[in-house]
Amino acid sequence: MSSMSTPRRSGVQLHITSLPEGRLGDSARAFVDWLAEAGQSVWQVLPLSVPDEHGSPYKSPSAFACSPALLEHPAAPVTQEEIAAFTAREAYWVPSWTRFGGDVADQVRFEREWGDLRRYAAERGVEVMGDVPIYVAPEGADEKHWPGFFRDDAVAGVPPDAYAATGQLWGNPLYRWDVLAADEYRWWVERLRRTFSLFDLVRLDHFRGFAAYWAVPAGDATAMNGVWETGPGRALFDAATDSLGALPVLAEDLGDIDQPVHDLRDALGYPGMAVLQFGFDPGSGDNTHDPVNLREHQVVYTGTHDNDTTVGWWDTLPAERRTLAEAAGVDPADPSWSLIALAWSSPCELAMTQAQDLLSLGTEARMNQPGLEGGWRWRMEPGTLTPALAARLREATQDAGRAG
């Protein structure tokens, strides 16, 4: 990931809806200013896509359209010339969105406002990392416009894991990878083209699904009866690279991971993820999330939007794991900032934390709990990211030898 080369860097994850205003505008620019003051060079957001009825941007009715609910000025005038120019630039997918009832003028407004924010961030040395959900919503614009690209006999999910005893039944339509391959993965290439026009860096959600994915029979009530099926592998990424050039991608390689997933990630040269909350596991010497196993070509997180906050995690951590965490440097009196310090001092080229951990918030500030509906509602109170917190994070960043 070329943008993640030296120097070692750090950043903060905070979705647009979690800003005090819950949208683009003054609080977004103020957050960029705060990041720059705190010596941070990466702002990671969740997908900018239109969310589902629960607020999740990972089950969007369009893989291409951005959410007008994030606009600072939703009624700003848009000319026919702007609409025509946008439609010409985005000719591959705009018909799918308008056919679904979407408004191109909203997309023009979003491009205008987001472009302004990106420039504002770039001027202050802050890159924006986005997120590409692997799947789309059932009966959304993509499935309706390109029905041949999606299966109707099985849906997406993951097998039983630490999050859910019966697995997670996501219900998203699965891809017909053979049909997409015959089209030289054009849909995916165009999706990534759109994505890289919005972000400097991109996290590829559920990367393991490109190696093999869990296919659950349509109509099942749980994900228990799913089976592993082979994904497209590197062919998709080779097609994208041929069209778009080198892809500044982070592989979200969490969950039920096997060697073929590692092999695909390494063959493509993408960094993977480590989450410190998954470390400190007794009897698991090969745990990739353990601080002693962290590598340079990796991105380390205190926790992600799918995890509890660090304070919430610490409050429910079993005694045996607490002992290991304390031995590694986690301070029971200040678990959030000591875990941040542990991430920042790692060899990983990029270290990230949630804004909630900077504020030492508990479970009440958790963004999402996989396998359960709801969530996605946490919003930061105005003025909570203070100059004192910025100074503290800048000092921690400099002490760890990261740019700051």
# chains A, B, ... in the order shown; residues from 1 in each chain; ligands from 1
$ residues_around --residues "Leu198 (chain A)" --least-positions-apart "3" --cutoff "12 Å" --atoms "only C-alpha atoms" --output "VMD selection string"
chain A and resid 45 47 to 49 64 to 66 110 to 119 127 to 132 191 to 195 201 to 202
$ write_last_selection --atoms "C-alpha atoms" --output "CSV table (one decimal), in the first residue's frame"
chain,number,residue,atom,x,y,z
A,45,VAL,CA,-14.6,6.7,7.8
A,47,PRO,CA,-18.8,3.6,3.8
A,48,LEU,CA,-20.4,6.8,2.5
A,49,SER,CA,-23.1,4.7,0.9
A,64,PHE,CA,-21.9,3.4,-6.1
A,65,ALA,CA,-24.2,6.2,-4.8
A,66,CYS,CA,-23.3,8.3,-1.7
A,110,PHE,CA,-22.1,15.2,-2.5
A,111,GLU,CA,-19.2,15.3,-5.0
A,112,ARG,CA,-19.0,19.1,-4.5
A,113,GLU,CA,-19.0,18.9,-0.7
A,114,TRP,CA,-16.8,15.8,-0.3
A,115,GLY,CA,-14.3,17.2,-2.8
A,116,ASP,CA,-14.1,20.4,-0.7
A,117,LEU,CA,-13.5,18.4,2.5
A,118,ARG,CA,-10.9,16.2,0.8
A,119,ARG,CA,-9.0,19.3,-0.4
A,127,GLU,CA,-5.5,11.5,4.1
A,128,VAL,CA,-9.0,9.9,4.2
A,129,MET,CA,-9.4,6.2,4.4
A,130,GLY,CA,-12.7,4.7,3.1
A,131,ASP,CA,-14.3,1.3,3.2
A,132,VAL,CA,-15.7,-1.0,0.5
A,191,ARG,CA,-16.9,0.1,-8.3
A,192,LEU,CA,-13.3,0.5,-7.3
A,193,ARG,CA,-12.8,3.3,-9.8
A,194,ARG,CA,-15.6,5.2,-8.0
A,195,THR,CA,-14.2,4.3,-4.6
A,201,LEU,CA,-6.8,4.7,1.0
A,202,VAL,CA,-9.4,2.0,1.1
$ residues_around --residues "region 210-227 of chain A" --least-positions-apart "3" --cutoff "6 Å" --atoms "only C-alpha atoms" --output "VMD selection string"
chain A and resid 153 to 158 166 to 169 207 230 to 233 261
$ atom_distance --atom1 "CA of Glu123 (chain A)" --atom2 "CA of Ala28 (chain A)"
14.4 Å
$ residues_around --residues "Gly140 (chain A)" --least-positions-apart "6" --cutoff "9 Å" --atoms "only C-alpha atoms" --output "list in words"
Ser60, Pro61, Ser62 and Phe100 of chain A
$ atom_distance --atom1 "CA of Val299 (chain A)" --atom2 "CA of Gly209 (chain A)"
19.4 Å
$ residues_around --residues "Val104 (chain A)" --least-positions-apart "2" --cutoff "12 Å" --atoms "only C-alpha atoms" --output "count of residues only"
35
$ residues_around --residues "Ala240 (chain A)" --least-positions-apart "6" --cutoff "10 Å" --atoms "only C-alpha atoms" --output "list in words"
Glu184, Tyr185, Arg186, Trp188, Val189, Glu190, Arg191, Leu192, Arg193, Arg234, Ala246 and Leu247 of chain A
$ select_by_dssp --residues "region 53-212 of chain A" --states "helix (DSSP H, G or I)" --output "PyMOL selection string"
chain A and resi 68-70+80-89+94-99+104-123+141-145+147-149+177-182+186-198+208-211
$ residues_around --residues "region 307-313 of chain A" --least-positions-apart "6" --cutoff "6 Å" --atoms "only C-alpha atoms" --output "list in words"
Ser336, Gly362, Thr363 and Arg366 of chain A
$ write_last_selection --atoms "N, CA, C and O atoms" --output "JSON list (two decimals), in the first residue's frame"
[["chain", "number", "residue", "atom", "x", "y", "z"],
["A", 336, "SER", "N", -7.79, 2.65, 27.87],
["A", 336, "SER", "CA", -7.87, 3.22, 26.52],
["A", 336, "SER", "C", -6.54, 3.78, 26.05],
["A", 336, "SER", "O", -6.01, 3.39, 25.00],
["A", 362, "GLY", "N", -17.24, 4.23, 27.45],
["A", 362, "GLY", "CA", -17.61, 2.85, 27.71],
["A", 362, "GLY", "C", -18.51, 2.27, 26.64],
["A", 362, "GLY", "O", -18.68, 2.85, 25.55],
["A", 363, "THR", "N", -19.13, 1.14, 26.95],
["A", 363, "THR", "CA", -19.95, 0.40, 25.99],
["A", 363, "THR", "C", -21.09, 1.24, 25.42],
["A", 363, "THR", "O", -21.55, 0.99, 24.30],
["A", 366, "ARG", "N", -20.46, 2.30, 21.91],
["A", 366, "ARG", "CA", -20.15, 1.30, 20.88],
["A", 366, "ARG", "C", -20.92, 1.62, 19.59],
["A", 366, "ARG", "O", -22.10, 1.96, 19.63]]
$ closest_residue --among "A:Ser284, A:Ser346, A:Thr302, A:Asn368" --to "His15 (chain A)" --atoms "only C-alpha atoms"
A:Asn368
$ closest_residue --among "A:Val136, A:Leu174, A:Val179, A:Ala325" --to "Gly148 (chain A)" --atoms "only C-alpha atoms"
A:Val179
$ atom_distance --atom1 "CA of Ser10 (chain A)" --atom2 "CA of Ser345 (chain A)"
10.5 Å
$ select_by_dssp --residues "region 101-137 of chain A" --states "strand (DSSP E)" --output "JSON list (two decimals) with C-alpha atoms, in the first residue's frame"
[["chain", "number", "residue", "atom", "x", "y", "z"],
["A", 127, "GLU", "CA", -5.54, 11.47, 4.12],
["A", 128, "VAL", "CA", -9.01, 9.92, 4.19],
["A", 129, "MET", "CA", -9.39, 6.15, 4.35],
["A", 130, "GLY", "CA", -12.66, 4.75, 3.09],
["A", 131, "ASP", "CA", -14.31, 1.35, 3.24],
["A", 132, "VAL", "CA", -15.66, -0.96, 0.54]]
$ residues_around --residues "Val300 (chain A)" --least-positions-apart "2" --cutoff "9 Å" --atoms "only C-alpha atoms" --output "list in words"
Gly272, Met273, Ala274, Val275, Leu276, His289, Leu294, Gln298, Thr302, Gly303, Ala343, Trp344, Ser346, Cys348, Glu349, Leu350, Ala351, Met352 and Thr353 of chain A
